[in-house]
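Next comes final-v1.cif, with mmCIF, C-alpha atoms.
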```cif
data_model
#
loop_
_atom_site.group_PDB
_atom_site.id
_atom_site.type_symbol
_atom_site.label_atom_id
_atom_site.label_comp_id
_atom_site.auth_asym_id
_atom_site.auth_seq_id
_atom_site.Cartn_x
_atom_site.Cartn_y
_atom_site.Cartn_z
ATOM 1 C CA MET A 1 -10.858 19.052 1.786
ATOM 2 C CA GLN A 2 -10.211 19.140 -1.940
ATOM 3 C CA LYS A 3 -6.597 20.146 -1.471
ATOM 4 C CA GLN A 4 -5.887 16.914 0.395
ATOM 5 C CA GLU A 5 -3.490 14.487 -1.179
ATOM 6 C CA SER A 6 -5.406 11.964 -3.294
ATOM 7 C CA PRO A 7 -5.832 8.662 -1.474
ATOM 8 C CA THR A 8 -4.148 5.422 -2.457
ATOM 9 C CA TYR A 9 -6.634 2.793 -3.555
ATOM 10 C CA LEU A 10 -6.475 -0.814 -2.488
ATOM 11 C CA LYS A 11 -8.293 -3.041 -4.920
ATOM 12 C CA ALA A 12 -8.985 -6.748 -4.427
ATOM 13 C CA ILE A 13 -9.759 -8.499 -7.693
ATOM 14 C CA THR A 14 -9.623 -11.895 -9.336
ATOM 15 C CA ILE A 15 -7.563 -12.689 -12.406
ATOM 16 C CA ARG A 16 -9.587 -15.038 -14.563
ATOM 17 C CA ASP A 17 -7.802 -14.675 -17.860
ATOM 18 C CA THR A 18 -4.550 -13.379 -19.368
ATOM 19 C CA SER A 19 -6.555 -10.518 -20.882
ATOM 20 C CA ASP A 20 -7.136 -9.160 -17.346
ATOM 21 C CA VAL A 21 -3.456 -8.198 -17.168
ATOM 22 C CA HIS A 22 -3.990 -5.087 -19.300
ATOM 23 C CA SER A 23 -6.300 -3.317 -16.845
ATOM 24 C CA ILE A 24 -4.143 -4.514 -13.938
ATOM 25 C CA LYS A 25 -1.145 -2.890 -15.590
ATOM 26 C CA GLU A 26 -3.073 0.397 -15.767
ATOM 27 C CA ASP A 27 -3.973 0.100 -12.076
ATOM 28 C CA ILE A 28 -0.331 -0.552 -11.145
ATOM 29 C CA LYS A 29 0.746 2.496 -13.153
ATOM 30 C CA LYS A 30 -1.887 4.550 -11.288
ATOM 31 C CA GLY A 31 -0.160 3.560 -8.029
ATOM 32 C CA MET A 32 -2.922 1.337 -6.706
ATOM 33 C CA ILE A 33 -2.354 -1.440 -4.200
ATOM 34 C CA LEU A 34 -3.651 -4.634 -5.750
ATOM 35 C CA ILE A 35 -4.559 -7.925 -4.137
ATOM 36 C CA LEU A 36 -4.961 -10.349 -7.004
ATOM 37 C CA ARG A 37 -6.612 -13.706 -6.556
ATOM 38 C CA VAL A 38 -5.095 -16.146 -9.023
ATOM 39 C CA THR A 39 -6.823 -19.396 -8.008
ATOM 40 C CA PRO A 40 -9.373 -19.553 -10.887
ATOM 41 C CA LEU A 41 -6.602 -19.114 -13.447
ATOM 42 C CA ALA A 42 -4.430 -21.669 -11.633
ATOM 43 C CA GLN A 43 -7.262 -24.181 -11.859
ATOM 44 C CA LYS A 44 -7.853 -23.443 -15.532
ATOM 45 C CA ASP A 45 -4.365 -23.330 -16.969
ATOM 46 C CA VAL A 46 -1.144 -23.502 -14.951
ATOM 47 C CA GLU A 47 0.982 -22.461 -17.912
ATOM 48 C CA GLN A 48 -1.144 -19.342 -18.420
ATOM 49 C CA LEU A 49 -0.829 -18.594 -14.719
ATOM 50 C CA ARG A 50 2.961 -18.860 -14.942
ATOM 51 C CA LYS A 51 3.000 -16.379 -17.817
ATOM 52 C CA VAL A 52 0.652 -13.957 -16.039
ATOM 53 C CA VAL A 53 2.744 -14.042 -12.865
ATOM 54 C CA GLU A 54 5.947 -13.475 -14.861
ATOM 55 C CA GLU A 55 4.302 -10.541 -16.627
ATOM 56 C CA LEU A 56 3.113 -9.077 -13.332
ATOM 57 C CA TYR A 57 6.628 -9.266 -11.873
ATOM 58 C CA SER A 58 7.975 -7.530 -14.969
ATOM 59 C CA ILE A 59 5.292 -4.795 -14.870
ATOM 60 C CA ALA A 60 5.897 -4.269 -11.148
ATOM 61 C CA LYS A 61 9.643 -3.963 -11.707
ATOM 62 C CA THR A 62 9.168 -1.369 -14.465
ATOM 63 C CA ALA A 63 6.705 0.596 -12.329
ATOM 64 C CA ASP A 64 9.029 0.406 -9.300
ATOM 65 C CA ALA A 65 6.267 -1.450 -7.459
ATOM 66 C CA ASP A 66 6.744 -4.162 -4.854
ATOM 67 C CA ILE A 67 5.243 -7.593 -5.391
ATOM 68 C CA ALA A 68 4.739 -10.561 -3.075
ATOM 69 C CA ARG A 69 2.889 -13.815 -2.901
ATOM 70 C CA LEU A 70 0.072 -14.007 -0.332
ATOM 71 C CA GLY A 71 -0.439 -17.685 0.370
ATOM 72 C CA GLU A 72 -1.361 -19.965 -2.503
ATOM 73 C CA GLU A 73 -4.265 -17.892 -3.704
ATOM 74 C CA ARG A 74 -3.166 -14.308 -4.006
ATOM 75 C CA ILE A 75 -0.480 -11.885 -5.155
ATOM 76 C CA ILE A 76 0.027 -8.406 -3.707
ATOM 77 C CA VAL A 77 1.338 -5.521 -5.817
ATOM 78 C CA ALA A 78 2.102 -2.243 -4.062
ATOM 79 C CA PRO A 79 3.486 1.098 -5.310
ATOM 80 C CA SER A 80 6.882 2.343 -4.138
ATOM 81 C CA ASN A 81 5.429 4.432 -1.279
ATOM 82 C CA ILE A 82 4.108 1.223 0.301
ATOM 83 C CA ARG A 83 6.514 -1.303 1.802
ATOM 84 C CA ILE A 84 5.399 -4.892 1.884
ATOM 85 C CA TRP A 85 6.518 -6.378 5.183
ATOM 86 C CA LYS A 86 7.206 -10.019 4.531
ATOM 87 C CA PRO A 87 7.374 -12.380 7.456
ATOM 88 C CA GLU A 88 8.435 -15.326 5.283
ATOM 89 C CA TYR A 89 7.420 -17.869 7.864
ATOM 90 C CA ASP A 90 3.960 -16.459 8.067
ATOM 91 C CA LEU A 91 2.856 -15.513 4.561
ATOM 92 C CA LYS A 92 0.741 -18.622 4.060
ATOM 93 C CA MET B 1 16.022 11.168 0.968
ATOM 94 C CA GLN B 2 15.563 11.399 4.697
ATOM 95 C CA LYS B 3 13.080 14.227 4.334
ATOM 96 C CA GLN B 4 10.779 12.017 2.307
ATOM 97 C CA GLU B 5 7.447 11.118 3.806
ATOM 98 C CA SER B 6 7.733 7.857 5.734
ATOM 99 C CA PRO B 7 6.344 4.907 3.802
ATOM 100 C CA THR B 8 3.160 3.089 4.685
ATOM 101 C CA TYR B 9 3.779 -0.513 5.645
ATOM 102 C CA LEU B 10 1.674 -3.400 4.443
ATOM 103 C CA LYS B 11 1.930 -6.361 6.774
ATOM 104 C CA ALA B 12 0.475 -9.808 6.124
ATOM 105 C CA ILE B 13 0.115 -11.814 9.312
ATOM 106 C CA THR B 14 -1.874 -14.645 10.829
ATOM 107 C CA ILE B 15 -4.069 -14.301 13.887
ATOM 108 C CA ARG B 16 -3.678 -17.460 15.943
ATOM 109 C CA ASP B 17 -5.004 -16.309 19.265
ATOM 110 C CA THR B 18 -7.033 -13.504 20.852
ATOM 111 C CA SER B 19 -3.796 -12.269 22.450
ATOM 112 C CA ASP B 20 -2.528 -11.317 18.971
ATOM 113 C CA VAL B 21 -5.077 -8.494 18.881
ATOM 114 C CA HIS B 22 -2.956 -6.268 21.125
ATOM 115 C CA SER B 23 -0.012 -5.959 18.716
ATOM 116 C CA ILE B 24 -2.441 -5.667 15.791
ATOM 117 C CA LYS B 25 -4.088 -2.721 17.533
ATOM 118 C CA GLU B 26 -0.667 -1.049 17.805
ATOM 119 C CA ASP B 27 -0.028 -1.647 14.089
ATOM 120 C CA ILE B 28 -3.419 -0.155 13.186
ATOM 121 C CA LYS B 29 -2.660 2.913 15.324
ATOM 122 C CA LYS B 30 0.689 3.253 13.495
ATOM 123 C CA GLY B 31 -1.272 3.508 10.235
ATOM 124 C CA MET B 32 -0.164 0.181 8.799
ATOM 125 C CA ILE B 33 -2.143 -1.722 6.186
ATOM 126 C CA LEU B 34 -2.833 -5.170 7.588
ATOM 127 C CA ILE B 35 -3.868 -8.346 5.845
ATOM 128 C CA LEU B 36 -4.894 -10.700 8.599
ATOM 129 C CA ARG B 37 -5.348 -14.387 8.020
ATOM 130 C CA VAL B 38 -7.978 -15.689 10.412
ATOM 131 C CA THR B 39 -8.321 -19.305 9.248
ATOM 132 C CA PRO B 40 -6.312 -20.948 12.081
ATOM 133 C CA LEU B 41 -8.419 -19.159 14.681
ATOM 134 C CA ALA B 42 -11.604 -20.026 12.790
ATOM 135 C CA GLN B 43 -10.632 -23.688 12.893
ATOM 136 C CA LYS B 44 -9.771 -23.545 16.575
ATOM 137 C CA ASP B 45 -12.634 -21.588 18.051
ATOM 138 C CA VAL B 46 -15.385 -19.877 16.076
ATOM 139 C CA GLU B 47 -16.622 -17.964 19.120
ATOM 140 C CA GLN B 48 -13.126 -16.552 19.722
ATOM 141 C CA LEU B 49 -12.956 -15.602 16.056
ATOM 142 C CA ARG B 50 -16.268 -13.772 16.302
ATOM 143 C CA LYS B 51 -14.970 -11.789 19.291
ATOM 144 C CA VAL B 52 -11.661 -10.977 17.581
ATOM 145 C CA VAL B 53 -13.416 -9.784 14.413
ATOM 146 C CA GLU B 54 -15.801 -7.627 16.469
ATOM 147 C CA GLU B 55 -12.840 -6.157 18.344
ATOM 148 C CA LEU B 56 -10.997 -5.462 15.081
ATOM 149 C CA TYR B 57 -14.020 -3.627 13.655
ATOM 150 C CA SER B 58 -14.235 -1.563 16.829
ATOM 151 C CA ILE B 59 -10.486 -0.756 16.817
ATOM 152 C CA ALA B 60 -10.653 0.164 13.115
ATOM 153 C CA LYS B 61 -13.621 2.446 13.728
ATOM 154 C CA THR B 62 -11.839 4.246 16.576
ATOM 155 C CA ALA B 63 -8.672 4.628 14.494
ATOM 156 C CA ASP B 64 -10.681 5.867 11.480
ATOM 157 C CA ALA B 65 -9.375 2.865 9.532
ATOM 158 C CA ASP B 66 -11.235 0.975 6.838
ATOM 159 C CA ILE B 67 -11.879 -2.738 7.224
ATOM 160 C CA ALA B 68 -13.070 -5.403 4.788
ATOM 161 C CA ARG B 69 -13.301 -9.134 4.453
ATOM 162 C CA LEU B 70 -11.019 -10.733 1.853
ATOM 163 C CA GLY B 71 -12.589 -14.073 1.007
ATOM 164 C CA GLU B 72 -13.127 -16.576 3.786
ATOM 165 C CA GLU B 73 -9.579 -16.491 5.053
ATOM 166 C CA ARG B 74 -8.524 -12.905 5.493
ATOM 167 C CA ILE B 75 -9.454 -9.447 6.752
ATOM 168 C CA ILE B 76 -7.951 -6.213 5.448
ATOM 169 C CA VAL B 77 -7.485 -3.167 7.677
ATOM 170 C CA ALA B 78 -6.287 0.051 6.064
ATOM 171 C CA PRO B 79 -5.621 3.553 7.463
ATOM 172 C CA SER B 80 -7.755 6.518 6.377
ATOM 173 C CA ASN B 81 -5.366 7.564 3.582
ATOM 174 C CA ILE B 82 -6.008 4.226 1.858
ATOM 175 C CA ARG B 83 -9.393 3.498 0.291
ATOM 176 C CA ILE B 84 -10.434 -0.118 0.051
ATOM 177 C CA TRP B 85 -12.136 -0.578 -3.297
ATOM 178 C CA LYS B 86 -14.723 -3.282 -2.783
ATOM 179 C CA PRO B 87 -16.121 -5.014 -5.814
ATOM 180 C CA GLU B 88 -18.637 -6.994 -3.761
ATOM 181 C CA TYR B 89 -19.172 -9.549 -6.466
ATOM 182 C CA ASP B 90 -15.495 -10.307 -6.634
ATOM 183 C CA LEU B 91 -14.127 -10.281 -3.097
ATOM 184 C CA LYS B 92 -14.123 -14.044 -2.729
#
```

Produce structure tokens that represent the structure in this file.
Amino acid sequence: MQKQESPTYLKAITIRDTSDVHSIKEDIKKGMILILRVTPLAQKDVEQLRKVVEELYSIAKTADADIARLGEERIIVAPSNIRIWKPEYDLK
Amino acid sequence: MQKQESPTYLKAITIRDTSDVHSIKEDIKKGMILILRVTPLAQKDVEQLRKVVEELYSIAKTADADIARLGEERIIVAPSNIRIWKPEYDLK
């Protein structure tokens, strides 16, 4: 059992502040799948949200991770061994 | 490149009708990660939604997949090589 490949973690969390990006970056580098709820930040400060999203896209690019919007509320980040299937018409 | 392990797909779709469960079952059996939006069904017919969710839990159990609620709108299903990390206080 212990020789099994380590599992990929899928973590669903909420971004409440720009300072949350640091730990998210670590999780992305660890190869986790992240589902990030951005609504509280969007309600607090749209400009901060814009910066956080930009930073996430940049981190994902560097880490060779895939990133996609999930409706209005969430963002998905997935490592390179996971392919995000995006039915554009249906992502709401 | 072709000898690489095949990637895991993450698919975000909307359940609009009980008949959608069939193709979802196939996707679960293929080992896909699914993020299923259930809101339209919830608005249409709560009893149908209850049945669909029950069926999904049963399918996931049979396929050794993990399943979790993601806020009010979505359900996550993940194959056994993916671990859903559930911070209960933060899944909304």

Give me, as CSV, the closest atom pair and its distance (Å, one decimal) for every residue of chain A within a cut-off of 7 Å of chain B, counting only C-alpha atoms, rows sorted by chain and rising number.
```
residue,atom,partner,partner_atom,distance
A:Pro7,CA,B:Asn81,CA,5.2
A:Thr8,CA,B:Ile82,CA,4.8
A:Tyr9,CA,B:Arg83,CA,4.8
A:Leu10,CA,B:Ile84,CA,4.8
A:Lys11,CA,B:Trp85,CA,4.8
A:Ala12,CA,B:Leu91,CA,6.4
A:Ile13,CA,B:Asp90,CA,6.1
A:Thr14,CA,B:Asp90,CA,6.7
A:Asn81,CA,B:Pro7,CA,5.2
A:Ile82,CA,B:Thr8,CA,4.9
A:Arg83,CA,B:Tyr9,CA,4.8
A:Ile84,CA,B:Leu10,CA,4.8
A:Trp85,CA,B:Lys11,CA,4.9
A:Lys86,CA,B:Lys11,CA,6.8
A:Asp90,CA,B:Ile13,CA,6.2
A:Leu91,CA,B:Ala12,CA,6.4
```

Point-to-point distance in Å for atom CA of B:Arg69 and atom CA of A:Lys44 =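 Taking atom CA of A:Lys44 as the start and atom CA of B:Arg69 as the end point, the length is 25.2 Å.
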
Would you be able to write out as a VMD selection string which residues have an atom within 12 Å of (-1.0, -14.2, 18.1) in the file's coordinates, counting only C-alpha atoms?
-> (chain A and resid 90) or (chain B and resid 13 to 25 36 to 38 40 to 41 52)

Please indicate the distance in Å from atom CA of A:Asp27 to atom CA of A:Gln48, rounded to one decimal place.
-> 20.6 Å

Residue contacts of A:Lys61 (12 Å, all atoms listed in the file) excluding same-chain residues fewer than 6 positions away, as a PyMOL selection string | chain A and resi 25+28-29+54-55+67-68+77-80

Here atom CA of B:Ala63 and atom CA of B:Gly31 stand apart by 8.6 Å

Using all atoms of stretch 56-69 of chain B that appear in the file, construct an axis-aligned enclosing box with 5 Å of padding on every side and provide its centre coordinates and edge lengths in Å, rounded to one decimal, as JSON.
```
{"center_x": -11.5, "center_y": -1.6, "center_z": 10.6, "size_x": 15.6, "size_y": 25.0, "size_z": 22.4}
```
